Amino acid sequence: MSDPAAIECEDVVRVYEGGLVEALRGVSFSIPARSSAAIVGPSGSGKSTLLHLIGALDRPTSGRVSILGEDLEKIRDLDTLRGRTIGFVFQLHHLIPNLPLWENVTLPALPLGIPRAERKRKACDLLERVGLAARVNFLPVKCSGGERQRAAVARALINDPKILLADEPTGSVDSETGRQILELFETFAKERDMTRVIITHNEAIAAQADMTLRIVDGRLAEPKAVEA
Ligand SMILES: Nc1ncnc2c1ncn2[C@@H]1O[C@H](COP(=O)(O)OP(=O)(O)OP(=O)(O)O)[C@@H](O)[C@H]1O
Ligand SMILES: [Mg+2]
């Protein structure tokens, strides 16, 4: 039997403010395991709303979201599922200012009850992989923007997620650093059989993904016809 899709949405609707804002108006798609998808679309079209839903950070007003074949509606404890399955990278790194990089990287592992020494070793290994071996004990304020974003990538990977979700991960770094971040995603994805979904305003980045989900006004636009 073939693997279930990594992410499946069926007629997903998300309405905010007691019905005043229809952020998503019926979105259906499926992202195969181990593939990459780009979410593109104008500002306010619903991209982050969609990422929050497929990241189990939020629940749809109606419709169905499934992660690795599990219908999220049937799961009460989304925190545990999210912690074990999904890694997040946001436009801003959201590192805790008074913790050194290695401790920031371990934060998503805290609820899993892994001993501190093991967490530290894993965090340091990951920081080394993203080129920050010399920075493991630095506070975020002592790091450059690109270094902080690479630390955020290490943090996203600490629990060996099967799905990596990123909301404009290259939006606040220069283009060379952005290229490095995306290269890290691809390298880790191949090693770990990871599905990745990236929101981007950059069409060149989107073009590198296996599939593009174009959101316009809360709906999925028809995929562009592929030239034969
Ligand atoms: N928590 C919320 N409460 C109320 N309205 C919201 C909330 N979050 C988003 N919205 C609204 O839902 C719509 C979609 O927002 P969303 O953040 O998903 O857009 P986006 O495509 O990510 O935009 P951008 O490219 O600017 O990040 C917008 O009209 C926004 O104002
Ligand atoms: Mg957004």
# chains A, B, ... in the order shown; residues from 1 in each chain; ligands from 1

$ closest_atom_pairs --of "chain A" --to "ligand 1" --cutoff "7 Å" --atoms "only C-alpha atoms and all ligand atoms" --output "tab-separated table"
residue	atom	partner	partner_atom_place_in_ligand_line	distance
A:Tyr16	CA	ligand 1	4 (C)	4.7
A:Glu17	CA	ligand 1	4 (C)	5.4
A:Val21	CA	ligand 1	5 (N)	6.0
A:Glu22	CA	ligand 1	12 (O)	6.8
A:Ala23	CA	ligand 1	12 (O)	4.2
A:Gly41	CA	ligand 1	21 (O)	6.4
A:Pro42	CA	ligand 1	25 (O)	5.8
A:Ser43	CA	ligand 1	25 (O)	3.4
A:Gly44	CA	ligand 1	19 (O)	3.5
A:Ser45	CA	ligand 1	21 (O)	4.0
A:Gly46	CA	ligand 1	18 (O)	3.2
A:Lys47	CA	ligand 1	21 (O)	3.7
A:Ser48	CA	ligand 1	22 (O)	3.7
A:Thr49	CA	ligand 1	18 (O)	3.7
A:Leu50	CA	ligand 1	18 (O)	6.5

$ write_last_selection --atoms "C-alpha atoms" --output "JSON list (two decimals), in the first residue's frame"
[["chain", "number", "residue", "atom", "x", "y", "z"],
["A", 16, "TYR", "CA", -12.42, 34.79, 11.77],
["A", 17, "GLU", "CA", -14.14, 37.45, 13.85],
["A", 21, "VAL", "CA", -13.44, 37.59, 7.75],
["A", 22, "GLU", "CA", -13.52, 34.57, 5.43],
["A", 23, "ALA", "CA", -9.78, 33.87, 5.34],
["A", 41, "GLY", "CA", -0.45, 34.48, -3.31],
["A", 42, "PRO", "CA", -1.06, 38.14, -2.51],
["A", 43, "SER", "CA", -0.83, 39.58, 0.99],
["A", 44, "GLY", "CA", -3.96, 38.78, 2.97],
["A", 45, "SER", "CA", -4.98, 35.91, 0.66],
["A", 46, "GLY", "CA", -4.90, 33.30, 3.44],
["A", 47, "LYS", "CA", -1.45, 31.70, 3.18],
["A", 48, "SER", "CA", -0.47, 31.93, 6.87],
["A", 49, "THR", "CA", -3.97, 30.90, 7.90],
["A", 50, "LEU", "CA", -3.54, 27.76, 5.78]]

$ residues_around --residues "A:Arg129" --least-positions-apart "4" --cutoff "9 Å" --atoms "only C-alpha atoms" --output "count of residues only"
5

$ residues_around --residues "A:Glu222" --least-positions-apart "6" --cutoff "12 Å" --atoms "only C-alpha atoms" --output "list in words"
Val27, Ser28, Phe29, Thr212, Leu213, Arg214, Ile215 and Val216 of chain A

$ residues_around --residues "A:Gly113" --least-positions-apart "5" --cutoff "12 Å" --atoms "only C-alpha atoms" --output "list of chain:residue names"
A:Thr80, A:Gly83, A:Arg84, A:Thr106, A:Leu107, A:Pro108, A:Glu118, A:Arg119, A:Asn159

$ closest_residue --among "A:Ile86, A:Ala33, A:Val173, A:Leu95" --to "A:Ala56" --atoms "only C-alpha atoms"
A:Ile86

$ atom_distance --atom1 "atom CA of A:Cys143" --atom2 "atom CA of A:Leu99"
12.4 Å

$ residues_around --residues "A:Ala37" --least-positions-apart "5" --cutoff "12 Å" --atoms "only C-alpha atoms" --output "PyMOL selection string"
chain A and resi 6-7+29-32+51+163-166+186+194-200+205-214

$ write_last_selection --atoms "C-alpha atoms" --output "PDB file, in the first residue's frame"
ATOM      1  CA  ALA A   6       1.727  13.998   4.163  1.00  0.00           C
ATOM      2  CA  ILE A   7      -0.958  16.673   4.205  1.00  0.00           C
ATOM      3  CA  PHE A  29      -5.385  19.664  -2.028  1.00  0.00           C
ATOM      4  CA  SER A  30      -3.032  16.851  -1.194  1.00  0.00           C
ATOM      5  CA  ILE A  31       0.741  17.019  -0.698  1.00  0.00           C
ATOM      6  CA  PRO A  32       2.477  13.651  -1.186  1.00  0.00           C
ATOM      7  CA  LEU A  51      -0.092  27.035   7.214  1.00  0.00           C
ATOM      8  CA  ILE A 163       6.941  17.735   7.971  1.00  0.00           C
ATOM      9  CA  LEU A 164       8.705  21.091   7.842  1.00  0.00           C
ATOM     10  CA  LEU A 165       6.516  24.185   7.514  1.00  0.00           C
ATOM     11  CA  ALA A 166       8.027  27.586   6.795  1.00  0.00           C
ATOM     12  CA  GLU A 186      16.548  20.330   0.850  1.00  0.00           C
ATOM     13  CA  MET A 194      10.773  15.119   5.135  1.00  0.00           C
ATOM     14  CA  THR A 195       7.867  16.826   3.414  1.00  0.00           C
ATOM     15  CA  ARG A 196       8.275  20.604   3.263  1.00  0.00           C
ATOM     16  CA  VAL A 197       5.818  23.412   2.668  1.00  0.00           C
ATOM     17  CA  ILE A 198       7.118  26.946   2.202  1.00  0.00           C
ATOM     18  CA  ILE A 199       5.187  30.176   1.942  1.00  0.00           C
ATOM     19  CA  THR A 200       7.079  32.565  -0.295  1.00  0.00           C
ATOM     20  CA  ILE A 205      11.827  29.876  -4.972  1.00  0.00           C
ATOM     21  CA  ALA A 206       8.296  28.647  -5.664  1.00  0.00           C
ATOM     22  CA  ALA A 207       9.388  27.290  -9.049  1.00  0.00           C
ATOM     23  CA  GLN A 208      11.852  24.933  -7.339  1.00  0.00           C
ATOM     24  CA  ALA A 209       9.117  23.177  -5.364  1.00  0.00           C
ATOM     25  CA  ASP A 210       7.431  20.000  -6.618  1.00  0.00           C
ATOM     26  CA  MET A 211       4.045  21.734  -6.508  1.00  0.00           C
ATOM     27  CA  THR A 212       2.701  25.262  -6.118  1.00  0.00           C
ATOM     28  CA  LEU A 213      -0.486  26.131  -4.246  1.00  0.00           C
ATOM     29  CA  ARG A 214      -1.626  29.570  -5.389  1.00  0.00           C
TER      30      ARG A 214
END

$ closest_residue --among "A:His94, A:Arg34, A:His201, A:Arg121" --to "A:Arg150" --atoms "only C-alpha atoms"
A:His94

$ select_by_dssp --residues "stretch 29-182 of chain A" --states "helix (DSSP H, G or I)" --output "ChimeraX atom specification"
/A:47-54,72-74,78-85,101-112,116-129,133-135,140-142,145-157,175-182

$ closest_residue --among "A:Lys122, A:Arg25, A:His52, A:Arg155" --to "ligand 2" --atoms "only C-alpha atoms and all ligand atoms"
A:His52

$ closest_residue --among "A:Ser36, A:Phe188, A:Ala123, A:Phe90" --to "ligand 2" --atoms "only C-alpha atoms and all ligand atoms"
A:Phe90

$ closest_residue --among "A:Leu157, A:Ile114, A:Val40, A:Leu101" --to "ligand 2" --atoms "only C-alpha atoms and all ligand atoms"
A:Val40

$ closest_residue --among "A:Leu110, A:Pro60, A:Leu68, A:Pro161" --to "A:Ala189" --atoms "only C-alpha atoms"
A:Pro161

$ select_by_dssp --residues "stretch 6-138 of chain A" --states "strand (DSSP E or B)" --output "PyMOL selection string"
chain A and resi 7-16+21-31+36-40+62-67+70-71+86-89

$ write_last_selection --atoms "C-alpha atoms" --output "PDB file, in the first residue's frame"
ATOM      1  CA  ILE A   7      -0.958  16.673   4.205  1.00  0.00           C
ATOM      2  CA  GLU A   8      -4.509  16.560   2.925  1.00  0.00           C
ATOM      3  CA  CYS A   9      -7.107  19.341   3.009  1.00  0.00           C
ATOM      4  CA  GLU A  10     -10.721  18.807   2.028  1.00  0.00           C
ATOM      5  CA  ASP A  11     -12.943  21.833   1.524  1.00  0.00           C
ATOM      6  CA  VAL A  12     -11.219  23.722   4.340  1.00  0.00           C
ATOM      7  CA  VAL A  13     -12.891  26.921   5.506  1.00  0.00           C
ATOM      8  CA  ARG A  14     -11.515  29.288   8.165  1.00  0.00           C
ATOM      9  CA  VAL A  15     -13.640  32.220   9.228  1.00  0.00           C
ATOM     10  CA  TYR A  16     -12.419  34.791  11.774  1.00  0.00           C
ATOM     11  CA  VAL A  21     -13.443  37.594   7.752  1.00  0.00           C
ATOM     12  CA  GLU A  22     -13.520  34.573   5.434  1.00  0.00           C
ATOM     13  CA  ALA A  23      -9.779  33.870   5.337  1.00  0.00           C
ATOM     14  CA  LEU A  24     -10.162  30.486   3.569  1.00  0.00           C
ATOM     15  CA  ARG A  25     -13.259  29.666   1.543  1.00  0.00           C
ATOM     16  CA  GLY A  26     -13.050  25.972   0.695  1.00  0.00           C
ATOM     17  CA  VAL A  27      -9.562  24.731  -0.098  1.00  0.00           C
ATOM     18  CA  SER A  28      -8.771  21.157  -1.143  1.00  0.00           C
ATOM     19  CA  PHE A  29      -5.385  19.664  -2.028  1.00  0.00           C
ATOM     20  CA  SER A  30      -3.032  16.851  -1.194  1.00  0.00           C
ATOM     21  CA  ILE A  31       0.741  17.019  -0.698  1.00  0.00           C
ATOM     22  CA  SER A  36       7.914  19.957  -1.484  1.00  0.00           C
ATOM     23  CA  ALA A  37       5.136  22.495  -1.940  1.00  0.00           C
ATOM     24  CA  ALA A  38       5.226  26.272  -2.226  1.00  0.00           C
ATOM     25  CA  ILE A  39       2.280  28.400  -1.105  1.00  0.00           C
ATOM     26  CA  VAL A  40       2.099  31.687  -2.994  1.00  0.00           C
ATOM     27  CA  SER A  62     -15.305  23.495   8.563  1.00  0.00           C
ATOM     28  CA  GLY A  63     -13.660  20.932   6.304  1.00  0.00           C
ATOM     29  CA  ARG A  64     -11.030  18.308   7.022  1.00  0.00           C
ATOM     30  CA  VAL A  65      -7.271  18.504   7.565  1.00  0.00           C
ATOM     31  CA  SER A  66      -5.252  15.271   7.725  1.00  0.00           C
ATOM     32  CA  ILE A  67      -1.588  14.917   8.625  1.00  0.00           C
ATOM     33  CA  GLU A  70      -4.607  11.218  10.613  1.00  0.00           C
ATOM     34  CA  ASP A  71      -7.757  13.323  10.583  1.00  0.00           C
ATOM     35  CA  ILE A  86       6.005  19.115  12.532  1.00  0.00           C
ATOM     36  CA  GLY A  87       8.873  21.609  12.546  1.00  0.00           C
ATOM     37  CA  PHE A  88       8.248  25.317  12.007  1.00  0.00           C
ATOM     38  CA  VAL A  89      10.380  28.138  10.652  1.00  0.00           C
TER      39      VAL A  89
END

$ residues_around --residues "A:Leu92" --least-positions-apart "6" --cutoff "10 Å" --atoms "only C-alpha atoms" --output "list in words"
Gly145, Arg148, Gln149, Ala152, Asp167, Glu168, Pro169, Thr170, Gly171, Ser172 and Val173 of chain A

$ atom_distance --atom1 "atom CA of A:Leu78" --atom2 "atom CA of A:Leu57"
7.6 Å

$ atom_distance --atom1 "atom CA of A:Pro97" --atom2 "atom CA of A:Ala117"
21.6 Å

$ decode --residues "stretch 30-174 of chain A" --atoms "C-alpha atoms" --output "short mmCIF file (atom, residue, chain, number, x, y, z; two decimals), in the first residue's frame"
data_model
loop_
_atom_site.label_atom_id
_atom_site.label_comp_id
_atom_site.auth_asym_id
_atom_site.auth_seq_id
_atom_site.Cartn_x
_atom_site.Cartn_y
_atom_site.Cartn_z
CA SER A 30 -3.03 16.85 -1.19
CA ILE A 31 0.74 17.02 -0.70
CA PRO A 32 2.48 13.65 -1.19
CA ALA A 33 4.93 12.45 1.47
CA ARG A 34 8.56 13.50 0.90
CA SER A 35 7.64 16.17 -1.64
CA SER A 36 7.91 19.96 -1.48
CA ALA A 37 5.14 22.50 -1.94
CA ALA A 38 5.23 26.27 -2.23
CA ILE A 39 2.28 28.40 -1.10
CA VAL A 40 2.10 31.69 -2.99
CA GLY A 41 -0.45 34.48 -3.31
CA PRO A 42 -1.06 38.14 -2.51
CA SER A 43 -0.83 39.58 0.99
CA GLY A 44 -3.96 38.78 2.97
CA SER A 45 -4.98 35.91 0.66
CA GLY A 46 -4.90 33.30 3.44
CA LYS A 47 -1.45 31.70 3.18
CA SER A 48 -0.47 31.93 6.87
CA THR A 49 -3.97 30.90 7.90
CA LEU A 50 -3.54 27.76 5.78
CA LEU A 51 -0.09 27.04 7.21
CA HIS A 52 -1.46 27.31 10.76
CA LEU A 53 -4.18 24.79 9.90
CA ILE A 54 -1.86 22.25 8.30
CA GLY A 55 0.55 22.78 11.20
CA ALA A 56 -2.14 21.85 13.73
CA LEU A 57 -1.81 25.27 15.36
CA ASP A 58 -5.43 26.05 14.57
CA ARG A 59 -8.58 24.17 13.60
CA PRO A 60 -10.72 24.86 10.53
CA THR A 61 -14.22 26.34 10.85
CA SER A 62 -15.30 23.50 8.56
CA GLY A 63 -13.66 20.93 6.30
CA ARG A 64 -11.03 18.31 7.02
CA VAL A 65 -7.27 18.50 7.57
CA SER A 66 -5.25 15.27 7.72
CA ILE A 67 -1.59 14.92 8.62
CA LEU A 68 0.16 11.67 7.66
CA GLY A 69 -3.24 10.04 7.25
CA GLU A 70 -4.61 11.22 10.61
CA ASP A 71 -7.76 13.32 10.58
CA LEU A 72 -6.99 16.20 12.98
CA GLU A 73 -10.64 16.47 13.97
CA LYS A 74 -10.30 13.10 15.71
CA ILE A 75 -7.23 14.15 17.67
CA ARG A 76 -7.78 15.97 20.93
CA ASP A 77 -4.18 16.65 21.84
CA LEU A 78 -2.86 18.56 18.85
CA ASP A 79 0.16 19.77 20.87
CA THR A 80 1.68 16.30 21.11
CA LEU A 81 1.02 15.47 17.46
CA ARG A 82 2.48 18.81 16.40
CA GLY A 83 5.55 18.48 18.63
CA ARG A 84 6.45 15.05 17.29
CA THR A 85 5.55 15.53 13.64
CA ILE A 86 6.01 19.12 12.53
CA GLY A 87 8.87 21.61 12.55
CA PHE A 88 8.25 25.32 12.01
CA VAL A 89 10.38 28.14 10.65
CA PHE A 90 8.88 31.63 10.56
CA GLN A 91 9.96 34.85 8.88
CA LEU A 92 11.29 36.13 12.20
CA HIS A 93 13.34 33.63 14.14
CA HIS A 94 11.47 34.01 17.49
CA LEU A 95 14.52 32.91 19.49
CA ILE A 96 14.34 33.52 23.25
CA PRO A 97 16.79 36.40 23.91
CA ASN A 98 18.22 35.23 27.25
CA LEU A 99 18.95 31.62 26.20
CA PRO A 100 22.07 30.53 24.29
CA LEU A 101 21.52 29.11 20.82
CA TRP A 102 21.81 25.49 21.92
CA GLU A 103 19.11 25.93 24.55
CA ASN A 104 16.84 27.70 22.09
CA VAL A 105 17.27 24.78 19.71
CA THR A 106 16.23 22.28 22.40
CA LEU A 107 13.00 24.07 23.36
CA PRO A 108 10.61 22.01 21.18
CA ALA A 109 12.12 18.85 22.75
CA LEU A 110 11.31 19.87 26.33
CA PRO A 111 7.77 18.40 26.39
CA LEU A 112 9.11 15.06 25.11
CA GLY A 113 11.00 14.46 28.36
CA ILE A 114 14.39 13.79 26.75
CA PRO A 115 17.26 14.14 29.28
CA ARG A 116 19.09 17.47 29.17
CA ALA A 117 22.46 16.00 28.15
CA GLU A 118 20.91 14.21 25.18
CA ARG A 119 19.00 17.31 24.15
CA LYS A 120 22.17 19.37 24.32
CA ARG A 121 24.15 16.88 22.26
CA LYS A 122 21.47 16.78 19.58
CA ALA A 123 21.14 20.58 19.54
CA CYS A 124 24.90 21.01 19.20
CA ASP A 125 25.01 18.43 16.36
CA LEU A 126 22.27 20.30 14.52
CA LEU A 127 23.91 23.68 15.10
CA GLU A 128 27.10 22.24 13.66
CA ARG A 129 25.18 21.01 10.61
CA VAL A 130 23.84 24.51 9.95
CA GLY A 131 27.33 25.99 10.29
CA LEU A 132 27.02 27.33 13.83
CA ALA A 133 29.39 25.06 15.77
CA ALA A 134 31.26 28.12 17.04
CA ARG A 135 28.05 29.81 18.19
CA VAL A 136 26.36 27.17 20.35
CA ASN A 137 26.85 29.18 23.56
CA PHE A 138 26.08 32.59 22.05
CA LEU A 139 22.97 34.54 22.94
CA PRO A 140 20.86 35.39 19.87
CA VAL A 141 21.73 39.09 20.20
CA LYS A 142 25.38 38.24 19.48
CA CYS A 143 24.46 36.52 16.21
CA SER A 144 23.75 37.93 12.76
CA GLY A 145 20.26 37.74 11.25
CA GLY A 146 21.31 34.85 9.01
CA GLU A 147 22.87 32.97 11.93
CA ARG A 148 19.69 33.38 13.96
CA GLN A 149 17.60 32.09 11.07
CA ARG A 150 19.90 29.06 10.68
CA ALA A 151 19.50 28.43 14.42
CA ALA A 152 15.73 28.55 13.86
CA VAL A 153 16.16 25.84 11.20
CA ALA A 154 18.09 23.69 13.71
CA ARG A 155 15.33 24.25 16.28
CA ALA A 156 12.69 23.13 13.75
CA LEU A 157 14.56 19.84 13.27
CA ILE A 158 15.23 18.90 16.90
CA ASN A 159 12.33 16.42 17.14
CA ASP A 160 13.04 14.81 13.74
CA PRO A 161 9.79 16.06 12.20
CA LYS A 162 8.35 14.38 9.13
CA ILE A 163 6.94 17.74 7.97
CA LEU A 164 8.71 21.09 7.84
CA LEU A 165 6.52 24.18 7.51
CA ALA A 166 8.03 27.59 6.79
CA ASP A 167 6.30 30.97 6.57
CA GLU A 168 8.49 33.25 4.45
CA PRO A 169 11.70 31.82 5.94
CA THR A 170 13.85 33.94 3.63
CA GLY A 171 11.77 37.11 3.98
CA SER A 172 14.06 38.85 6.46
CA VAL A 173 17.51 37.74 5.26
CA ASP A 174 19.63 38.65 2.23
#
